[in-house]
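Chemist: Encoded as structure tokens, here's the structure I'll be asking about.
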Amino acid sequence: LNGSLWWVPEQGLMISMELPPAQVSIRTAWGDYMHFDIGYASFVGHVGGATHPRWGATALTVEVKDDVGGLGPSCANFVLDSECTGFTVGVTEHALGAGGACTKMAKLVQLQRVVQWVGMRVNHGISLLKDIHERSTSFDGDAQAITLGLVGG
């Protein structure tokens, strides 16, 4: 996961998952440009019951903390699907309290006014976009023949 890029389409965000000593960072995909670090990734491991059983018995869980040593409170929890193609991230109560220990994540919450995001790995998103494009555009070479055939020509 180190260095992986994740897309959060509803909020227009890109997340770069980095392992310490680097930080997890977020930037806007459109609109006013913003780029800032939200904390340090700390792997919790595979946790049972974190997702619906049809998606797997366990899910990889990653905490984001303000401090590099991982001793402080969890500011956000990433729950990744079993194939690591998508995630849900939820902000913890430590990032919501005024003057709390999670100043970096609190900044994001204040800007976005959202406490939970759903995203996908960019390389997985590219194939999804290609599928959408294929399903929502006309057929290249045979488009005219298909149209004429339907009209009775």
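Residue numbering restarts at 1 for every chain of the structure tokens, chains are lettered A, B, ... in their displayed order, and ligands are numbered from 1 as they appear.
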Mind checking which residues fall within 8 Å of range 89-98 of chain A, counting only C-alpha atoms, ignoring those fewer than 4 positions away in the same chain, and posting them as an MDAnalysis selection string?
Modeler: chainID A and resid 73:79 102:103 105:106 109 115:118
Chemist: Could you write those residues out with N, CA, C and O atoms, as a PDB file, in the first residue's frame?
Modeler:
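Dumped to selection.pdb:
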ATOM      1  N   PRO A  73      -3.929   8.978  19.934  1.00  0.00           N
ATOM      2  CA  PRO A  73      -5.222   8.393  19.577  1.00  0.00           C
ATOM      3  C   PRO A  73      -5.390   8.262  18.064  1.00  0.00           C
ATOM      4  O   PRO A  73      -4.761   8.970  17.289  1.00  0.00           O
ATOM      5  N   SER A  74      -6.251   7.358  17.672  1.00  0.00           N
ATOM      6  CA  SER A  74      -6.587   7.175  16.266  1.00  0.00           C
ATOM      7  C   SER A  74      -7.458   8.341  15.807  1.00  0.00           C
ATOM      8  O   SER A  74      -8.425   8.705  16.463  1.00  0.00           O
ATOM      9  N   CYS A  75      -7.087   8.937  14.683  1.00  0.00           N
ATOM     10  CA  CYS A  75      -7.840  10.075  14.136  1.00  0.00           C
ATOM     11  C   CYS A  75      -8.819   9.638  13.053  1.00  0.00           C
ATOM     12  O   CYS A  75      -9.841  10.271  12.833  1.00  0.00           O
ATOM     13  N   ALA A  76      -8.469   8.566  12.350  1.00  0.00           N
ATOM     14  CA  ALA A  76      -9.326   8.027  11.298  1.00  0.00           C
ATOM     15  C   ALA A  76      -8.992   6.558  11.113  1.00  0.00           C
ATOM     16  O   ALA A  76      -7.869   6.131  11.377  1.00  0.00           O
ATOM     17  N   ASN A  77      -9.971   5.799  10.660  1.00  0.00           N
ATOM     18  CA  ASN A  77      -9.786   4.372  10.410  1.00  0.00           C
ATOM     19  C   ASN A  77     -10.128   4.056   8.960  1.00  0.00           C
ATOM     20  O   ASN A  77     -11.252   4.305   8.526  1.00  0.00           O
ATOM     21  N   PHE A  78      -9.156   3.547   8.237  1.00  0.00           N
ATOM     22  CA  PHE A  78      -9.380   3.055   6.881  1.00  0.00           C
ATOM     23  C   PHE A  78      -9.701   1.568   6.977  1.00  0.00           C
ATOM     24  O   PHE A  78      -8.961   0.818   7.601  1.00  0.00           O
ATOM     25  N   VAL A  79     -10.788   1.136   6.363  1.00  0.00           N
ATOM     26  CA  VAL A  79     -11.131  -0.276   6.263  1.00  0.00           C
ATOM     27  C   VAL A  79     -11.097  -0.609   4.780  1.00  0.00           C
ATOM     28  O   VAL A  79     -11.891  -0.087   3.998  1.00  0.00           O
ATOM     29  N   CYS A 102      -6.181  15.417  17.188  1.00  0.00           N
ATOM     30  CA  CYS A 102      -6.115  15.125  15.750  1.00  0.00           C
ATOM     31  C   CYS A 102      -6.288  16.391  14.922  1.00  0.00           C
ATOM     32  O   CYS A 102      -7.264  16.539  14.177  1.00  0.00           O
ATOM     33  N   THR A 103      -5.362  17.292  15.037  1.00  0.00           N
ATOM     34  CA  THR A 103      -5.501  18.599  14.374  1.00  0.00           C
ATOM     35  C   THR A 103      -5.493  18.498  12.853  1.00  0.00           C
ATOM     36  O   THR A 103      -6.196  19.242  12.175  1.00  0.00           O
ATOM     37  N   MET A 105      -6.498  15.875  10.826  1.00  0.00           N
ATOM     38  CA  MET A 105      -7.753  15.323  10.331  1.00  0.00           C
ATOM     39  C   MET A 105      -8.909  16.271  10.609  1.00  0.00           C
ATOM     40  O   MET A 105      -9.829  16.394   9.812  1.00  0.00           O
ATOM     41  N   ALA A 106      -8.853  16.985  11.725  1.00  0.00           N
ATOM     42  CA  ALA A 106      -9.900  17.953  12.051  1.00  0.00           C
ATOM     43  C   ALA A 106      -9.970  19.045  10.992  1.00  0.00           C
ATOM     44  O   ALA A 106     -11.057  19.509  10.642  1.00  0.00           O
ATOM     45  N   VAL A 109     -11.960  17.607   8.102  1.00  0.00           N
ATOM     46  CA  VAL A 109     -13.378  17.534   8.449  1.00  0.00           C
ATOM     47  C   VAL A 109     -14.012  18.912   8.352  1.00  0.00           C
ATOM     48  O   VAL A 109     -15.113  19.071   7.823  1.00  0.00           O
ATOM     49  N   VAL A 115     -17.665  13.208   7.622  1.00  0.00           N
ATOM     50  CA  VAL A 115     -16.858  12.409   8.544  1.00  0.00           C
ATOM     51  C   VAL A 115     -16.634  10.984   8.049  1.00  0.00           C
ATOM     52  O   VAL A 115     -16.024  10.186   8.734  1.00  0.00           O
ATOM     53  N   GLN A 116     -17.133  10.675   6.855  1.00  0.00           N
ATOM     54  CA  GLN A 116     -16.894   9.356   6.297  1.00  0.00           C
ATOM     55  C   GLN A 116     -16.759   9.487   4.783  1.00  0.00           C
ATOM     56  O   GLN A 116     -17.527  10.206   4.141  1.00  0.00           O
ATOM     57  N   TRP A 117     -15.752   8.788   4.236  1.00  0.00           N
ATOM     58  CA  TRP A 117     -15.512   8.814   2.799  1.00  0.00           C
ATOM     59  C   TRP A 117     -15.430   7.404   2.271  1.00  0.00           C
ATOM     60  O   TRP A 117     -15.028   6.477   2.975  1.00  0.00           O
ATOM     61  N   VAL A 118     -15.769   7.236   1.004  1.00  0.00           N
ATOM     62  CA  VAL A 118     -15.629   5.961   0.318  1.00  0.00           C
ATOM     63  C   VAL A 118     -14.757   6.214  -0.900  1.00  0.00           C
ATOM     64  O   VAL A 118     -14.987   7.174  -1.644  1.00  0.00           O
TER      65      VAL A 118
END
Chemist: I want to know what sits within 6 Å of Trp6 in chain A, based on only C-alpha atoms, with residues of the same chain fewer than 2 positions away left out; could you give that as a list in words?
Modeler: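 Non-adjacent residues within range: Met14, Ile15, Met120, Arg121 and Val122 of chain A.
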Chemist: Could you pull out all residues of range 63-102 of chain A with a DSSP call of strand (DSSP E) and give them as a ChimeraX atom specification?
Modeler: /A:63-65,74-80,86-91
Chemist: Go ahead and write the residues just picked, all heavy atoms, as a short mmCIF file (atom, residue, chain, number, x, y, z; two decimals), in the first residue's frame.
Modeler:
data_model
loop_
_atom_site.label_atom_id
_atom_site.label_comp_id
_atom_site.auth_asym_id
_atom_site.auth_seq_id
_atom_site.Cartn_x
_atom_site.Cartn_y
_atom_site.Cartn_z
N GLU A 63 -5.07 2.63 10.80
CA GLU A 63 -5.39 3.85 11.56
C GLU A 63 -4.49 4.98 11.08
O GLU A 63 -3.35 4.75 10.70
CB GLU A 63 -5.13 3.64 13.05
CG GLU A 63 -6.08 2.70 13.72
CD GLU A 63 -5.80 2.56 15.20
OE1 GLU A 63 -4.63 2.67 15.62
OE2 GLU A 63 -6.77 2.34 15.94
N VAL A 64 -5.02 6.19 11.13
CA VAL A 64 -4.21 7.38 10.87
C VAL A 64 -4.11 8.15 12.18
O VAL A 64 -5.13 8.42 12.82
CB VAL A 64 -4.84 8.26 9.76
CG1 VAL A 64 -4.06 9.54 9.59
CG2 VAL A 64 -4.89 7.49 8.46
N LYS A 65 -2.87 8.45 12.56
CA LYS A 65 -2.61 9.14 13.82
C LYS A 65 -1.79 10.39 13.56
O LYS A 65 -1.07 10.47 12.58
CB LYS A 65 -1.87 8.22 14.79
CG LYS A 65 -2.67 6.96 15.12
CD LYS A 65 -1.95 6.11 16.11
CE LYS A 65 -2.83 4.93 16.52
NZ LYS A 65 -2.34 4.28 17.71
N SER A 74 -6.25 7.36 17.67
CA SER A 74 -6.59 7.18 16.27
C SER A 74 -7.46 8.34 15.81
O SER A 74 -8.42 8.70 16.46
CB SER A 74 -7.34 5.86 16.09
OG SER A 74 -7.77 5.72 14.76
N CYS A 75 -7.09 8.94 14.68
CA CYS A 75 -7.84 10.08 14.14
C CYS A 75 -8.82 9.64 13.05
O CYS A 75 -9.84 10.27 12.83
CB CYS A 75 -6.87 11.10 13.57
SG CYS A 75 -5.71 11.73 14.80
N ALA A 76 -8.47 8.57 12.35
CA ALA A 76 -9.33 8.03 11.30
C ALA A 76 -8.99 6.56 11.11
O ALA A 76 -7.87 6.13 11.38
CB ALA A 76 -9.12 8.77 9.99
N ASN A 77 -9.97 5.80 10.66
CA ASN A 77 -9.79 4.37 10.41
C ASN A 77 -10.13 4.06 8.96
O ASN A 77 -11.25 4.30 8.53
CB ASN A 77 -10.67 3.54 11.33
CG ASN A 77 -10.27 3.68 12.77
OD1 ASN A 77 -9.11 3.56 13.11
ND2 ASN A 77 -11.24 3.94 13.63
N PHE A 78 -9.16 3.55 8.24
CA PHE A 78 -9.38 3.05 6.88
C PHE A 78 -9.70 1.57 6.98
O PHE A 78 -8.96 0.82 7.60
CB PHE A 78 -8.12 3.21 6.03
CG PHE A 78 -7.85 4.59 5.54
CD1 PHE A 78 -7.34 5.56 6.38
CD2 PHE A 78 -8.11 4.93 4.22
CE1 PHE A 78 -7.08 6.84 5.93
CE2 PHE A 78 -7.85 6.20 3.76
CZ PHE A 78 -7.34 7.16 4.61
N VAL A 79 -10.79 1.14 6.36
CA VAL A 79 -11.13 -0.28 6.26
C VAL A 79 -11.10 -0.61 4.78
O VAL A 79 -11.89 -0.09 4.00
CB VAL A 79 -12.52 -0.58 6.87
CG1 VAL A 79 -12.88 -2.05 6.67
CG2 VAL A 79 -12.55 -0.21 8.34
N LEU A 80 -10.12 -1.45 4.39
CA LEU A 80 -9.93 -1.80 2.99
C LEU A 80 -10.54 -3.16 2.70
O LEU A 80 -10.49 -4.06 3.51
CB LEU A 80 -8.44 -1.84 2.66
CG LEU A 80 -7.75 -0.48 2.72
CD1 LEU A 80 -7.06 -0.30 4.04
CD2 LEU A 80 -6.79 -0.33 1.58
N GLY A 86 -10.66 -0.90 -2.70
CA GLY A 86 -11.49 0.19 -2.22
C GLY A 86 -11.45 0.26 -0.71
O GLY A 86 -10.93 -0.63 -0.04
N PHE A 87 -11.99 1.34 -0.17
CA PHE A 87 -11.98 1.52 1.27
C PHE A 87 -13.12 2.42 1.71
O PHE A 87 -13.71 3.15 0.92
CB PHE A 87 -10.66 2.14 1.75
CG PHE A 87 -10.47 3.57 1.31
CD1 PHE A 87 -11.02 4.62 2.02
CD2 PHE A 87 -9.74 3.86 0.18
CE1 PHE A 87 -10.87 5.93 1.61
CE2 PHE A 87 -9.57 5.17 -0.24
CZ PHE A 87 -10.14 6.21 0.47
N THR A 88 -13.39 2.35 3.00
CA THR A 88 -14.22 3.33 3.68
C THR A 88 -13.34 3.89 4.78
O THR A 88 -12.64 3.15 5.46
CB THR A 88 -15.48 2.69 4.28
OG1 THR A 88 -16.25 2.13 3.24
CG2 THR A 88 -16.30 3.71 5.04
N VAL A 89 -13.34 5.20 4.92
CA VAL A 89 -12.58 5.81 6.01
C VAL A 89 -13.56 6.58 6.89
O VAL A 89 -14.41 7.31 6.39
CB VAL A 89 -11.43 6.73 5.50
CG1 VAL A 89 -11.94 7.87 4.66
CG2 VAL A 89 -10.60 7.26 6.64
N GLY A 90 -13.45 6.35 8.16
CA GLY A 90 -14.30 7.05 9.12
C GLY A 90 -13.44 7.85 10.08
O GLY A 90 -12.42 7.37 10.57
N VAL A 91 -13.84 9.07 10.31
CA VAL A 91 -13.13 9.94 11.24
C VAL A 91 -13.54 9.57 12.66
O VAL A 91 -14.72 9.31 12.91
CB VAL A 91 -13.47 11.41 10.94
CG1 VAL A 91 -12.83 12.34 11.94
CG2 VAL A 91 -13.03 11.77 9.52
#
Chemist: Choose the residue, out of A:Pro21, A:Leu128, A:Val62, A:Ser16, that has the smallest atom-to-atom separation from Gly45 in chain A; count only C-alpha atoms.
Modeler: A:Val62
Chemist: Please measure the separation of CA of Gly125 in chain A and CA of Asp81 in chain A, giving the value in Å to one decimal.
Modeler: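 Separating CA of Gly125 in chain A from CA of Asp81 in chain A is a distance of 14.4 Å.
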Chemist: Between A:Ala50, A:Leu13, A:Ile38, A:Leu129, which is the closest to Val68 in chain A once you count only C-alpha atoms?
Modeler: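 Once distances to Val68 in chain A are computed over only C-alpha atoms, the minimum belongs to A:Ile38.
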Chemist: Between CA of Ser42 in chain A and CA of Gly12 in chain A, measure the distance and give it in Å to one decimal.
Modeler: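 Computing it gives 24.5 Å between the two atoms.
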Chemist: Please list as a compact mmCIF listing (two decimals) with N, CA, C and O atoms, in the first residue's frame every residue within 6 Å of Gln23 in chain A, counting only C-alpha atoms and excluding residues in the same chain fewer than 3 positions away.
Modeler:
# COMPACT_ATOMS: atom_id res chain seq x y z
N GLU A 18 0.89 6.71 2.38
CA GLU A 18 2.32 6.57 2.61
C GLU A 18 2.54 5.99 4.00
O GLU A 18 1.75 6.22 4.91
N ASP A 37 -1.10 17.10 4.70
CA ASP A 37 -0.93 15.82 5.37
C ASP A 37 -2.01 15.65 6.43
O ASP A 37 -2.40 16.61 7.09
N GLY A 39 -1.81 12.76 8.63
CA GLY A 39 -1.28 11.95 9.72
C GLY A 39 -0.50 10.75 9.23
O GLY A 39 -0.25 10.59 8.03
N TYR A 40 -0.12 9.91 10.17
CA TYR A 40 0.73 8.75 9.89
C TYR A 40 -0.08 7.47 9.92
O TYR A 40 -0.88 7.24 10.83
Chemist: Which residues are close to Thr58 in chain A, i.e. within 12 Å by only C-alpha atoms, leaving aside same-chain residues fewer than 3 positions away? Reply as JSON, numbers by chain.
Modeler: {"A": [44, 45, 46, 47, 48, 49, 50, 51, 52, 53, 54, 55, 61, 79, 80, 81, 82, 83, 84]}
Chemist: Measure the distance from CA of Gly3 in chain A to CA of Ala29 in chain A in Å and round it to one decimal.
Modeler: 17.4 Å
Chemist: Please, which residues of chain A, numbered as in this document, come out alpha helix (DSSP H) from DSSP, as number ranges by chain?
Modeler: A: 103-112, 122-136, 143-151
